[in-house]
>>> print(open('start24.cif').read())   # mmCIF, C-alpha atoms and all ligand atoms
data_entry
#
loop_
_atom_site.label_atom_id
_atom_site.label_comp_id
_atom_site.auth_asym_id
_atom_site.auth_seq_id
_atom_site.Cartn_x
_atom_site.Cartn_y
_atom_site.Cartn_z
CA MET E 24 -60.87 108.55 -29.90
CA SER E 25 -63.58 106.47 -31.57
CA ILE E 26 -64.67 103.11 -30.16
CA PRO E 27 -63.01 100.21 -32.04
CA ARG E 28 -65.29 98.16 -34.23
CA ILE E 29 -64.87 94.39 -34.34
CA VAL E 30 -66.41 91.69 -36.51
CA VAL E 31 -66.85 88.17 -35.12
CA THR E 32 -67.94 85.61 -37.67
CA ARG E 33 -69.43 82.95 -35.36
CA VAL E 34 -70.75 82.48 -31.86
CA LEU E 35 -67.81 81.35 -29.74
CA PRO E 36 -67.88 78.42 -27.30
CA PRO E 37 -69.74 79.27 -24.07
CA THR E 38 -67.20 80.84 -21.74
CA SER E 39 -65.27 82.66 -24.43
CA GLN E 40 -68.55 83.97 -25.85
CA ALA E 41 -69.44 85.24 -22.38
CA ALA E 42 -66.05 86.96 -22.17
CA LEU E 43 -66.65 88.53 -25.56
CA GLU E 44 -70.06 89.79 -24.55
CA LYS E 45 -68.61 91.44 -21.44
CA LEU E 46 -66.28 93.61 -23.49
CA SER E 47 -67.01 97.26 -23.09
CA ASN E 48 -65.73 100.01 -25.28
CA VAL E 49 -66.05 98.03 -28.48
CA GLU E 50 -68.71 98.04 -31.12
CA MET E 51 -69.27 94.43 -32.12
CA VAL E 52 -70.90 92.91 -35.17
CA GLN E 53 -71.32 89.19 -34.59
CA TRP E 54 -72.88 86.58 -36.87
CA LYS E 55 -75.05 84.54 -34.54
CA GLU E 56 -76.39 81.82 -36.79
CA ASP E 57 -74.87 78.37 -36.59
CA ARG E 58 -73.48 78.41 -40.11
CA ASN E 59 -70.77 80.35 -41.86
CA MET E 60 -71.22 84.09 -42.06
CA PRO E 61 -72.30 84.78 -45.64
CA ARG E 62 -69.51 86.37 -47.63
CA ASP E 63 -71.45 89.47 -48.67
CA LEU E 64 -72.39 90.14 -45.06
CA LEU E 65 -68.81 89.70 -43.93
CA LEU E 66 -67.61 92.12 -46.59
CA ASN E 67 -70.30 94.60 -45.64
CA SER E 68 -69.53 94.40 -41.95
CA ILE E 69 -65.76 94.57 -42.26
CA LYS E 70 -65.81 98.04 -43.86
CA GLY E 71 -63.93 100.35 -41.53
CA ALA E 72 -63.50 97.66 -38.84
CA ASP E 73 -60.50 97.61 -36.48
CA GLY E 74 -60.47 93.89 -35.76
CA LEU E 75 -61.71 90.60 -37.16
CA LEU E 76 -62.22 87.38 -35.20
CA CYS E 77 -62.73 84.67 -37.79
CA MET E 78 -62.85 80.92 -38.31
CA LEU E 79 -60.91 78.65 -40.66
CA THR E 80 -63.97 78.68 -42.93
CA ASP E 81 -63.74 82.44 -43.61
CA LYS E 82 -61.63 83.52 -46.55
CA VAL E 83 -59.48 86.45 -45.47
CA ASP E 84 -58.12 87.52 -48.82
CA GLN E 85 -57.13 90.63 -50.76
CA GLU E 86 -60.74 91.50 -51.43
CA LEU E 87 -61.56 91.49 -47.72
CA PHE E 88 -58.49 93.55 -46.81
CA LYS E 89 -59.32 96.07 -49.53
CA VAL E 90 -62.91 96.43 -48.37
CA ALA E 91 -61.86 96.62 -44.70
CA GLY E 92 -59.63 99.61 -45.34
CA PRO E 93 -56.70 101.04 -43.39
CA LYS E 94 -58.19 100.80 -39.89
CA LEU E 95 -57.95 97.01 -39.73
CA LYS E 96 -55.22 96.22 -37.21
CA VAL E 97 -55.72 92.58 -36.30
CA VAL E 98 -57.06 89.32 -37.69
CA SER E 99 -57.57 86.70 -35.01
CA THR E 100 -58.45 83.25 -36.29
CA MET E 101 -59.88 80.62 -33.97
CA SER E 102 -57.77 77.88 -35.51
CA VAL E 103 -54.22 76.69 -35.60
CA GLY E 104 -54.21 76.61 -39.40
CA PHE E 105 -54.22 79.94 -41.20
CA ASP E 106 -54.12 78.95 -44.85
CA HIS E 107 -57.44 80.80 -45.26
CA VAL E 108 -55.60 84.07 -44.60
CA ASP E 109 -53.60 85.78 -47.33
CA THR E 110 -50.56 86.31 -45.12
CA ALA E 111 -48.54 88.15 -47.78
CA GLU E 112 -51.23 90.80 -48.11
CA LEU E 113 -51.74 90.91 -44.34
CA LYS E 114 -48.04 91.53 -43.73
CA GLN E 115 -47.85 94.13 -46.43
CA ARG E 116 -50.66 96.05 -44.76
CA GLY E 117 -49.01 95.76 -41.35
CA ILE E 118 -51.95 93.83 -39.90
CA LYS E 119 -51.30 91.42 -37.03
CA LEU E 120 -52.35 87.78 -37.15
CA GLY E 121 -53.36 85.72 -34.11
CA TYR E 122 -54.01 81.97 -34.07
CA THR E 123 -54.65 79.20 -31.52
CA PRO E 124 -51.77 76.70 -31.41
CA ASP E 125 -51.07 73.88 -28.92
CA VAL E 126 -54.50 73.43 -27.36
CA LEU E 127 -55.75 71.17 -30.12
CA THR E 128 -52.54 69.18 -30.60
CA ASP E 129 -53.57 66.17 -28.52
CA ALA E 130 -57.10 65.96 -29.84
CA THR E 131 -55.94 66.18 -33.46
CA ALA E 132 -53.20 63.61 -32.84
CA ASP E 133 -55.81 61.28 -31.31
CA THR E 134 -57.99 61.68 -34.38
CA THR E 135 -55.04 60.89 -36.63
CA VAL E 136 -54.30 57.68 -34.73
CA MET E 137 -57.97 56.75 -34.73
CA LEU E 138 -58.16 57.08 -38.51
CA LEU E 139 -54.90 55.22 -38.96
CA LEU E 140 -56.07 52.35 -36.78
CA ALA E 141 -59.43 52.21 -38.50
CA ALA E 142 -57.81 52.24 -41.94
CA ALA E 143 -55.06 49.75 -41.05
CA ARG E 144 -57.44 47.27 -39.44
CA ARG E 145 -59.97 47.74 -42.25
CA LEU E 146 -62.63 48.54 -39.71
CA LYS E 147 -65.17 49.89 -42.16
CA GLU E 148 -65.35 46.78 -44.31
CA HIS E 149 -64.98 44.32 -41.46
CA GLN E 150 -67.79 46.02 -39.60
CA SER E 151 -70.09 45.70 -42.56
CA CYS E 152 -68.94 42.30 -43.81
CA GLY E 153 -68.08 40.50 -40.62
CA GLY E 154 -64.50 39.85 -41.64
CA TRP E 155 -65.53 37.80 -44.63
CA ARG E 156 -66.65 38.86 -48.01
CA ASP E 157 -68.37 37.03 -50.79
CA LEU E 158 -67.24 38.24 -54.17
CA ASN E 159 -70.79 38.47 -55.44
CA VAL E 160 -72.33 40.21 -52.47
CA THR E 161 -72.11 43.86 -51.64
CA CYS E 162 -71.72 44.23 -47.92
CA HIS E 163 -74.16 46.92 -46.98
CA ASN E 164 -76.46 44.98 -44.73
CA TYR E 165 -74.51 45.02 -41.54
CA PRO E 166 -74.40 42.62 -39.83
CA THR E 167 -76.43 40.15 -41.87
CA GLN E 168 -73.38 38.73 -43.59
CA TRP E 169 -71.37 38.11 -40.48
CA ARG E 170 -70.28 34.53 -40.06
CA GLU E 171 -68.71 32.60 -37.24
CA TRP E 172 -65.01 33.07 -36.64
CA GLY E 173 -62.71 30.77 -38.57
CA PRO E 174 -58.96 30.29 -38.63
CA ASN E 175 -58.65 30.90 -42.34
CA TRP E 176 -60.74 33.99 -42.45
CA LEU E 177 -59.30 36.49 -44.83
CA CYS E 178 -55.97 34.74 -45.12
CA ALA E 179 -57.10 32.34 -47.82
CA PHE E 180 -58.68 35.21 -49.62
CA CYS E 181 -55.60 37.24 -49.03
CA LEU E 182 -53.53 34.71 -50.91
CA MET E 183 -56.15 34.48 -53.60
CA ALA E 184 -56.20 38.22 -53.97
CA THR E 185 -52.45 38.29 -54.26
CA VAL E 186 -52.54 35.75 -57.03
CA SER E 187 -55.37 37.61 -58.66
CA ARG E 188 -54.42 41.16 -57.96
CA HIS E 189 -54.51 42.00 -61.61
CA ILE E 190 -57.98 40.51 -62.01
CA PHE E 191 -59.78 42.20 -59.13
CA SER E 192 -59.78 45.96 -59.07
CA GLN E 193 -60.24 46.40 -55.31
CA SER E 194 -58.18 45.03 -52.48
CA ASN E 195 -61.08 43.47 -50.63
CA PHE E 196 -59.35 40.34 -49.49
CA ILE E 197 -56.28 41.65 -47.81
CA PRO E 198 -56.41 41.50 -44.02
CA GLY E 199 -55.69 44.36 -41.70
CA VAL E 200 -52.18 45.19 -40.71
CA GLN E 201 -50.72 45.89 -37.30
CA PHE E 202 -48.26 48.63 -36.41
CA THR E 203 -45.58 46.42 -34.90
CA SER E 204 -42.19 46.91 -36.55
CA LYS E 205 -43.58 49.19 -39.20
CA THR E 206 -42.32 52.50 -40.52
CA LEU E 207 -44.27 55.69 -39.97
CA GLY E 208 -43.82 58.63 -42.31
CA VAL E 209 -44.78 62.02 -40.89
CA VAL E 210 -45.17 64.83 -43.39
CA GLY E 211 -44.42 67.85 -41.21
CA LEU E 212 -42.90 67.09 -37.81
CA GLY E 213 -44.50 70.01 -36.00
CA ARG E 214 -46.45 69.82 -32.75
CA ILE E 215 -49.19 67.58 -34.11
CA GLY E 216 -46.83 65.40 -36.17
CA GLU E 217 -44.67 64.77 -33.15
CA ALA E 218 -47.66 63.98 -30.94
CA VAL E 219 -48.88 61.46 -33.53
CA ALA E 220 -45.45 59.81 -33.71
CA HIS E 221 -45.21 59.50 -29.91
CA ARG E 222 -48.60 57.80 -29.79
CA LEU E 223 -47.71 55.41 -32.59
CA ARG E 224 -44.40 54.44 -31.07
CA ALA E 225 -46.45 53.13 -28.15
CA PHE E 226 -48.28 50.98 -30.70
CA GLY E 227 -45.01 49.37 -31.79
CA ILE E 228 -43.92 51.50 -34.72
CA SER E 229 -40.19 50.85 -35.04
CA ARG E 230 -39.05 53.67 -37.26
CA VAL E 231 -40.20 57.24 -37.74
CA LEU E 232 -39.32 59.13 -40.90
CA TYR E 233 -40.29 62.71 -41.49
CA SER E 234 -40.14 65.19 -44.31
CA GLY E 235 -40.52 68.91 -44.43
CA ARG E 236 -38.51 72.07 -44.40
CA GLY E 237 -35.36 71.54 -42.35
CA THR E 238 -34.29 69.06 -39.74
CA LYS E 239 -36.11 69.04 -36.41
CA HIS E 240 -33.26 67.86 -34.20
CA GLU E 241 -35.01 68.17 -30.84
CA ALA E 242 -38.28 66.59 -31.89
CA ALA E 243 -36.40 63.83 -33.71
CA ALA E 244 -34.35 63.10 -30.58
CA ARG E 245 -37.48 63.02 -28.40
CA LEU E 246 -38.77 60.35 -30.76
CA GLY E 247 -35.68 58.24 -30.26
CA GLY E 248 -34.07 59.26 -33.51
CA ALA E 249 -36.62 60.11 -36.18
CA LEU E 250 -34.96 60.44 -39.58
CA HIS E 251 -35.34 63.44 -41.86
CA VAL E 252 -35.76 62.20 -45.43
CA PRO E 253 -36.76 63.77 -48.74
CA PHE E 254 -40.46 63.57 -49.54
CA HIS E 255 -40.02 60.90 -52.20
CA GLY E 256 -37.94 58.78 -49.82
CA LEU E 257 -40.66 59.04 -47.20
CA LEU E 258 -43.28 57.94 -49.73
CA ALA E 259 -41.29 54.90 -50.77
CA LYS E 260 -40.21 53.73 -47.33
CA SER E 261 -43.21 54.35 -45.07
CA ASP E 262 -45.92 51.84 -44.31
CA PHE E 263 -48.12 54.57 -42.85
CA ILE E 264 -48.10 58.16 -43.95
CA VAL E 265 -49.73 60.93 -41.93
CA VAL E 266 -50.04 64.48 -43.18
CA CYS E 267 -49.52 66.98 -40.38
CA CYS E 268 -48.07 70.01 -42.15
CA ALA E 269 -49.50 73.43 -42.86
CA LEU E 270 -51.12 74.10 -46.21
CA THR E 271 -48.92 76.43 -48.22
CA GLU E 272 -48.27 77.02 -51.92
CA GLU E 273 -45.46 74.48 -51.53
CA THR E 274 -47.55 71.72 -49.95
CA LYS E 275 -50.76 72.27 -51.90
CA GLY E 276 -51.64 69.19 -53.96
CA MET E 277 -48.45 67.40 -52.87
CA PHE E 278 -50.38 64.14 -52.65
CA ASN E 279 -51.11 63.67 -56.33
CA TYR E 280 -51.17 60.53 -58.46
CA ASP E 281 -47.39 60.46 -58.68
CA ALA E 282 -47.08 60.60 -54.89
CA PHE E 283 -49.59 57.81 -54.36
CA ARG E 284 -47.83 55.76 -57.04
CA ARG E 285 -44.59 56.11 -55.08
CA MET E 286 -46.16 54.80 -51.87
CA LYS E 287 -45.86 51.16 -50.94
CA SER E 288 -48.29 49.02 -52.83
CA SER E 289 -51.32 47.58 -51.07
CA ALA E 290 -50.35 44.12 -52.31
CA VAL E 291 -46.90 44.22 -50.79
CA GLY E 292 -45.64 41.03 -49.18
CA SER E 293 -42.83 40.91 -46.70
CA GLY E 294 -39.22 40.02 -46.41
CA ARG E 295 -40.20 36.64 -45.07
CA ASN E 296 -42.83 35.99 -47.70
CA ARG E 297 -40.85 36.34 -50.82
CA TRP E 298 -43.16 34.03 -52.67
CA TRP E 299 -45.58 36.94 -52.75
CA MET E 300 -43.31 38.61 -55.18
CA VAL E 301 -43.41 35.60 -57.46
CA LEU E 302 -47.18 35.76 -57.30
CA GLY E 303 -47.31 39.37 -58.36
CA GLY E 304 -46.75 41.25 -55.10
CA GLU E 305 -43.83 43.50 -54.31
CA ILE E 306 -41.49 43.46 -51.36
CA GLY E 307 -41.74 46.49 -49.12
CA GLU E 308 -38.65 47.55 -47.24
CA GLY E 309 -39.04 47.22 -43.49
CA SER E 310 -42.21 45.20 -43.76
CA TYR E 311 -42.29 41.93 -41.87
CA VAL E 312 -45.95 41.21 -41.56
CA MET E 313 -47.98 39.89 -44.40
CA GLY E 314 -50.77 42.24 -45.26
CA ALA E 315 -51.66 45.69 -46.39
CA VAL E 316 -49.26 48.58 -46.12
CA GLY E 317 -49.29 51.91 -47.88
CA ILE E 318 -51.86 53.65 -45.69
CA PHE E 319 -52.52 57.34 -45.99
CA VAL E 320 -54.10 59.59 -43.36
CA ASN E 321 -54.73 63.32 -43.66
CA THR E 322 -55.88 65.40 -40.71
CA ALA E 323 -54.25 68.65 -41.86
CA ARG E 324 -56.03 70.28 -44.79
CA GLY E 325 -57.93 68.88 -47.78
CA GLY E 326 -55.82 71.03 -50.10
CA HIS E 327 -52.78 68.80 -49.60
CA VAL E 328 -54.48 66.12 -51.67
CA VAL E 329 -55.54 65.99 -55.30
CA GLN E 330 -58.71 64.12 -54.47
CA ASP E 331 -59.37 62.71 -57.93
CA ASP E 332 -55.87 61.25 -57.81
CA LEU E 333 -56.54 59.68 -54.42
CA ALA E 334 -59.74 58.12 -55.75
CA ARG E 335 -57.80 56.79 -58.73
CA ALA E 336 -55.06 55.41 -56.46
CA LEU E 337 -57.67 53.60 -54.37
CA GLN E 338 -59.45 52.36 -57.46
CA GLU E 339 -56.22 51.08 -58.95
CA ASN E 340 -55.23 49.51 -55.67
CA LEU E 341 -52.05 51.59 -55.49
CA ILE E 342 -52.47 52.14 -51.78
CA ALA E 343 -54.09 49.97 -49.15
CA ALA E 344 -56.38 52.42 -47.44
CA ALA E 345 -56.96 56.05 -46.57
CA GLY E 346 -58.40 57.99 -43.65
CA LEU E 347 -59.43 61.61 -44.12
CA ASP E 348 -60.50 64.16 -41.56
CA VAL E 349 -60.19 66.97 -44.06
CA THR E 350 -61.40 67.24 -47.64
CA THR E 351 -62.03 69.72 -50.40
CA PRO E 352 -64.66 70.98 -50.10
CA GLU E 353 -65.97 70.51 -46.59
CA PRO E 354 -68.37 68.94 -46.16
CA LEU E 355 -67.52 66.42 -48.86
CA PRO E 356 -70.39 66.13 -51.37
CA THR E 357 -72.33 62.94 -50.86
CA ASP E 358 -71.60 61.81 -54.42
CA SER E 359 -67.83 61.95 -53.91
CA PRO E 360 -66.27 58.68 -55.11
CA LEU E 361 -64.14 58.66 -51.96
CA LEU E 362 -67.19 57.83 -49.88
CA GLY E 363 -67.77 54.69 -51.92
CA PHE E 364 -64.51 52.94 -51.08
CA LYS E 365 -64.65 50.40 -48.29
CA ASN E 366 -61.01 51.15 -47.58
CA CYS E 367 -61.45 54.91 -47.32
CA ILE E 368 -62.79 56.37 -44.10
CA VAL E 369 -63.91 59.97 -44.20
CA VAL E 370 -64.96 62.05 -41.20
CA PRO E 371 -66.07 65.69 -41.33
CA HIS E 372 -63.12 67.70 -39.92
CA ILE E 373 -63.58 66.50 -36.38
CA GLY E 374 -59.90 66.86 -35.49
CA GLU E 375 -60.32 68.54 -32.17
CA LEU E 376 -63.76 67.19 -31.28
CA SER E 377 -64.37 65.01 -28.26
CA HIS E 378 -63.63 61.34 -28.12
CA LYS E 379 -67.29 60.58 -27.81
CA ALA E 380 -68.34 62.54 -30.87
CA ARG E 381 -65.42 61.20 -32.84
CA MET E 382 -66.22 57.61 -32.10
CA PHE E 383 -69.86 58.16 -32.90
CA VAL E 384 -69.09 59.75 -36.25
CA ILE E 385 -66.68 57.04 -37.25
CA LEU E 386 -68.90 54.22 -36.11
CA SER E 387 -71.84 55.57 -38.05
CA ASN E 388 -69.57 55.92 -41.05
CA ILE E 389 -68.42 52.36 -40.62
CA VAL E 390 -71.81 50.76 -40.28
CA ASP E 391 -73.48 52.95 -42.91
CA LEU E 392 -76.14 54.19 -40.52
CA ASN E 393 -76.80 57.14 -42.80
CA ILE E 394 -77.06 59.50 -39.90
CA SER E 395 -76.77 63.08 -41.04
CA VAL E 396 -73.75 65.10 -40.06
CA SER E 397 -75.93 67.77 -38.48
CA PHE E 398 -77.48 65.16 -36.21
CA LEU E 399 -74.02 64.01 -35.25
CA PHE E 400 -73.06 67.51 -34.33
CA CYS E 401 -76.19 67.89 -32.21
CA PHE E 402 -75.31 64.63 -30.51
CA SER E 403 -71.77 65.82 -30.02
CA ALA E 404 -72.88 69.15 -28.62
CA VAL E 405 -75.33 67.55 -26.22
CA SER E 406 -72.90 64.90 -25.07
CA SER E 407 -70.10 67.40 -24.71
CA CYS E 408 -72.17 69.69 -22.55
CA ALA E 409 -73.38 66.79 -20.48
CA ILE E 410 -69.98 65.33 -19.75
CA GLY E 411 -67.86 68.48 -19.78
CA SER E 412 -65.64 66.82 -22.35
CA ALA E 413 -62.31 67.81 -23.81
CA THR E 414 -64.16 69.32 -26.73
CA THR E 415 -65.69 72.02 -24.65
CA GLU E 416 -62.39 72.72 -22.95
CA THR E 417 -60.36 72.75 -26.14
CA ARG E 418 -62.82 74.83 -28.06
CA ASP E 419 -63.29 77.25 -25.17
CA GLU E 420 -59.54 77.55 -24.81
CA MET E 421 -59.31 78.33 -28.51
CA GLY E 422 -62.06 80.93 -28.11
CA HIS E 423 -60.26 82.61 -25.20
CA MET E 424 -56.99 82.67 -27.11
CA ALA E 425 -58.73 84.20 -30.12
CA VAL E 426 -60.34 86.90 -27.95
CA ALA E 427 -57.01 87.64 -26.22
CA ASN E 428 -55.30 88.00 -29.59
CA LEU E 429 -58.03 90.29 -30.83
CA LEU E 430 -57.87 92.56 -27.79
CA ALA E 431 -54.08 92.77 -27.85
CA GLY E 432 -54.19 93.65 -31.53
CA LEU E 433 -56.77 96.39 -30.96
CA LYS E 434 -54.51 97.91 -28.30
CA GLY E 435 -51.49 97.72 -30.59
CA GLU E 436 -49.79 95.23 -28.27
CA THR E 437 -47.86 92.09 -29.17
CA LEU E 438 -50.31 89.24 -29.68
CA PRO E 439 -50.00 86.41 -27.11
CA HIS E 440 -50.34 83.76 -29.83
CA ALA E 441 -48.96 84.81 -33.18
CA PRO E 442 -47.41 82.59 -35.88
CA PHE E 443 -44.93 85.30 -36.94
C1 LIG B 501 -57.41 74.17 -36.99
O1 LIG B 501 -57.64 74.83 -35.96
O2 LIG B 501 -56.74 74.62 -37.91
C2 LIG B 501 -57.94 72.79 -37.07
O3 LIG B 501 -57.94 72.30 -38.36
C3 LIG B 501 -59.33 72.69 -36.50
O4 LIG B 501 -59.73 71.37 -36.55
#
>>> encode(input="start24.cif", output="structure tokens")
Amino acid sequence: MSIPRIVVTRVLPPTSQAALEKLSNVEMVQWKEDRNMPRDLLLNSIKGADGLLCMLTDKVDQELFKVAGPKLKVVSTMSVGFDHVDTAELKQRGIKLGYTPDVLTDATADTTVMLLLAAARRLKEHQSCGGWRDLNVTCHNYPTQWREWGPNWLCAFCLMATVSRHIFSQSNFIPGVQFTSKTLGVVGLGRIGEAVAHRLRAFGISRVLYSGRGTKHEAAARLGGALHVPFHGLLAKSDFIVVCCALTEETKGMFNYDAFRRMKSSAVGSGRNRWWMVLGGEIGEGSYVMGAVGIFVNTARGGHVVQDDLARALQENLIAAAGLDVTTPEPLPTDSPLLGFKNCIVVPHIGELSHKARMFVILSNIVDLNISVSFLFCFSAVSSCAIGSATTETRDEMGHMAVANLLAGLKGETLPHAPF
């Protein structure tokens, strides 16, 4: 019997890489540079291979399967998401798929909450403007425009902005909003969605709505009675919306202009402040605190969002703020309009990275330090190694799971971690 041939598209985290290198009785082609394996090289290497260990950045499509040929038995992706794999074609060819669920749930949920907090409390603009903004000054020179604390900070402007919401195109004068007694909308109450909801209930969220295929009775009960609602109902009733579902043909582009238009308006007042309505605001159901609602956070996949529509929604002040861990493409081009909004925080798919790296990325984003992403990753790598952080553990765990899936697939065994 010939030795199985495997293709590995990246160097794995340290201990899983060591495990991979110890494998005997396999012929391995591994891309060792710290960037994506070029497509032509991947296609060349996959010819006649028995197994593929890939990343979420590798497209595993019909073309790849065709080039690979009939020997390919297993595709093992080092990710929980597998929208980069053509699963219909994979199933048709009888190839097994392995993935890495669970281990990154907490880290991704933390990132979601971090983005939601940053967006809700308008961290980016407050950091650069010191909580106060002059209409005629662009706040880039952190912290030169900071002023001493004052009791009417933002609130006076908030009222002014409400009166003038049709005059000013951006919602620069609306203060941050807290989570207390607010409604959270979770799109996809899977592992990560549930973990996010648990965290946010500790922050005072009073109601959890969720949408998606089917009712999740057990998860809903664990959350003290989360309600399953249709997508449009979730859009209309939630103060905060987090996207935690898989990217499929069904969910692709689900956040388009129409969806953002259905979300609560950024100029919404509250039940107690009905005068807002008279002044041009709208009353949001379940909202009892004056301020911005209609906040959107996506830590799932960039493909869920029609990005031009999100930019338009922010421009037209349809929603209060957005936080994005994922974009299309990744990395987001530096001229993307999304990067220009003070109320849109974008981080470069750091979902399962360490707390330290995450905070560093977001802080640099907030204060416009212009530090390059590659530097941030170096920093993150160094700090992770130095402190033995959750990043290293999570990533290593993912690496080990991916290797275990690959080996089981090569032996024709059931994969330990398979989505179907
Ligand atoms: C995954 O594994 O799918 C995550 O998006 C990684 O951050």
>>> closest_atom_pairs(input="start24.cif", of="chain E", to="ligand LIG 501 (chain B)", cutoff="8 Å", atoms="all atoms listed in the file", output="JSON lines")
{"residue": "E:Leu79", "atom": "CA", "partner": "B:LIG501", "partner_atom": "O2", "distance": 6.4}
{"residue": "E:Met101", "atom": "CA", "partner": "B:LIG501", "partner_atom": "O1", "distance": 6.5}
{"residue": "E:Ser102", "atom": "CA", "partner": "B:LIG501", "partner_atom": "O1", "distance": 3.1}
{"residue": "E:Val103", "atom": "CA", "partner": "B:LIG501", "partner_atom": "O1", "distance": 3.9}
{"residue": "E:Gly104", "atom": "CA", "partner": "B:LIG501", "partner_atom": "O2", "distance": 3.5}
{"residue": "E:Phe105", "atom": "CA", "partner": "B:LIG501", "partner_atom": "O2", "distance": 6.7}
{"residue": "E:Thr123", "atom": "CA", "partner": "B:LIG501", "partner_atom": "O1", "distance": 6.9}
{"residue": "E:Pro124", "atom": "CA", "partner": "B:LIG501", "partner_atom": "O1", "distance": 7.7}
{"residue": "E:Leu127", "atom": "CA", "partner": "B:LIG501", "partner_atom": "O1", "distance": 7.1}
{"residue": "E:Thr131", "atom": "CA", "partner": "B:LIG501", "partner_atom": "O4", "distance": 7.1}
{"residue": "E:Thr322", "atom": "CA", "partner": "B:LIG501", "partner_atom": "O3", "distance": 7.6}
{"residue": "E:Ala323", "atom": "CA", "partner": "B:LIG501", "partner_atom": "O3", "distance": 6.3}
{"residue": "E:Arg324", "atom": "CA", "partner": "B:LIG501", "partner_atom": "O3", "distance": 7.0}
{"residue": "E:His372", "atom": "CA", "partner": "B:LIG501", "partner_atom": "O4", "distance": 6.0}
{"residue": "E:Ile373", "atom": "CA", "partner": "B:LIG501", "partner_atom": "O4", "distance": 6.2}
{"residue": "E:Gly374", "atom": "CA", "partner": "B:LIG501", "partner_atom": "O4", "distance": 4.6}
{"residue": "E:Glu375", "atom": "CA", "partner": "B:LIG501", "partner_atom": "O4", "distance": 5.2}
{"residue": "E:Leu376", "atom": "CA", "partner": "B:LIG501", "partner_atom": "O4", "distance": 7.8}
>>> closest_residue(input="start24.cif", among="E:Arg418, E:Arg144, E:Arg224, E:Lys45", to="Val126 in chain E", atoms="only C-alpha atoms")
E:Arg418
>>> closest_residue(input="start24.cif", among="E:Gly346, E:Pro442, E:Gly71, E:Pro354", to="Thr100 in chain E", atoms="only C-alpha atoms")
E:Pro442
>>> atom_distance(input="start24.cif", atom1="CA of Met286 in chain E", atom2="CA of Ala259 in chain E")
5.0 Å
>>> closest_residue(input="start24.cif", among="E:Val209, E:Cys268, E:Thr350, E:His255", to="Ile318 in chain E", atoms="all atoms listed in the file")
E:Val209
>>> residues_around(input="start24.cif", residues="Thr238 in chain E", least_positions_apart="4", cutoff="9 Å", atoms="all atoms listed in the file", output="MDAnalysis selection string")
chainID E and resid 233:234 243 250:251
>>> residues_around(input="start24.cif", residues="Asn366 in chain E", least_positions_apart="2", cutoff="7 Å", atoms="all atoms listed in the file", output="tab-separated table (two decimals) with C-alpha atoms, keeping the file's coordinate frame")
chain	number	residue	atom	x	y	z
E	142	ALA	CA	-57.81	52.24	-41.94
E	145	ARG	CA	-59.97	47.74	-42.25
E	147	LYS	CA	-65.17	49.89	-42.16
E	148	GLU	CA	-65.35	46.78	-44.31
E	344	ALA	CA	-56.38	52.42	-47.44
E	345	ALA	CA	-56.96	56.05	-46.57
E	364	PHE	CA	-64.51	52.94	-51.08
E	368	ILE	CA	-62.79	56.37	-44.10
>>> axis_aligned_box(input="start24.cif", around="range 46-49 of chain E", padding_each_side="6 Å", output="lines of an AutoDock Vina configuration file")
center_x = -66.4
center_y = 96.8
center_z = -25.8
size_x = 13.3
size_y = 18.4
size_z = 17.4
>>> closest_residue(input="start24.cif", among="E:Pro360, E:Pro253, E:Gly435, E:Gly74", to="Val30 in chain E", atoms="only C-alpha atoms")
E:Gly74
>>> residues_around(input="start24.cif", residues="range 111-116 of chain E", least_positions_apart="3", cutoff="8 Å", atoms="all atoms listed in the file", output="compact mmCIF listing (two decimals) with C-alpha atoms, in the frame of the given file")
# COMPACT_ATOMS: atom_id res chain seq x y z
CA ASP E 84 -58.12 87.52 -48.82
CA GLN E 85 -57.13 90.63 -50.76
CA PHE E 88 -58.49 93.55 -46.81
CA PRO E 93 -56.70 101.04 -43.39
CA VAL E 108 -55.60 84.07 -44.60
CA LYS E 119 -51.30 91.42 -37.03
CA LEU E 120 -52.35 87.78 -37.15
>>> build_atoms(input="start24.cif", residues="range 224-230 of chain E", atoms="N, CA and C atoms", output="mmCIF file, in the coordinates of the input")
data_model
loop_
_atom_site.group_PDB
_atom_site.id
_atom_site.type_symbol
_atom_site.label_atom_id
_atom_site.label_comp_id
_atom_site.auth_asym_id
_atom_site.auth_seq_id
_atom_site.Cartn_x
_atom_site.Cartn_y
_atom_site.Cartn_z
ATOM 1 N N ARG E 224 -45.532 55.219 -31.583
ATOM 2 C CA ARG E 224 -44.400 54.440 -31.070
ATOM 3 C C ARG E 224 -44.892 53.506 -29.946
ATOM 4 N N ALA E 225 -45.871 53.992 -29.196
ATOM 5 C CA ALA E 225 -46.450 53.130 -28.150
ATOM 6 C C ALA E 225 -47.195 51.943 -28.757
ATOM 7 N N PHE E 226 -47.596 52.078 -30.005
ATOM 8 C CA PHE E 226 -48.280 50.980 -30.700
ATOM 9 C C PHE E 226 -47.287 50.021 -31.377
ATOM 10 N N GLY E 227 -45.995 50.298 -31.254
ATOM 11 C CA GLY E 227 -45.010 49.370 -31.790
ATOM 12 C C GLY E 227 -44.319 49.800 -33.065
ATOM 13 N N ILE E 228 -44.620 50.984 -33.549
ATOM 14 C CA ILE E 228 -43.920 51.500 -34.720
ATOM 15 C C ILE E 228 -42.412 51.493 -34.434
ATOM 16 N N SER E 229 -41.622 50.967 -35.359
ATOM 17 C CA SER E 229 -40.190 50.850 -35.040
ATOM 18 C C SER E 229 -39.364 52.002 -35.587
ATOM 19 N N ARG E 230 -39.877 52.643 -36.636
ATOM 20 C CA ARG E 230 -39.050 53.670 -37.260
ATOM 21 C C ARG E 230 -39.930 54.859 -37.640
#
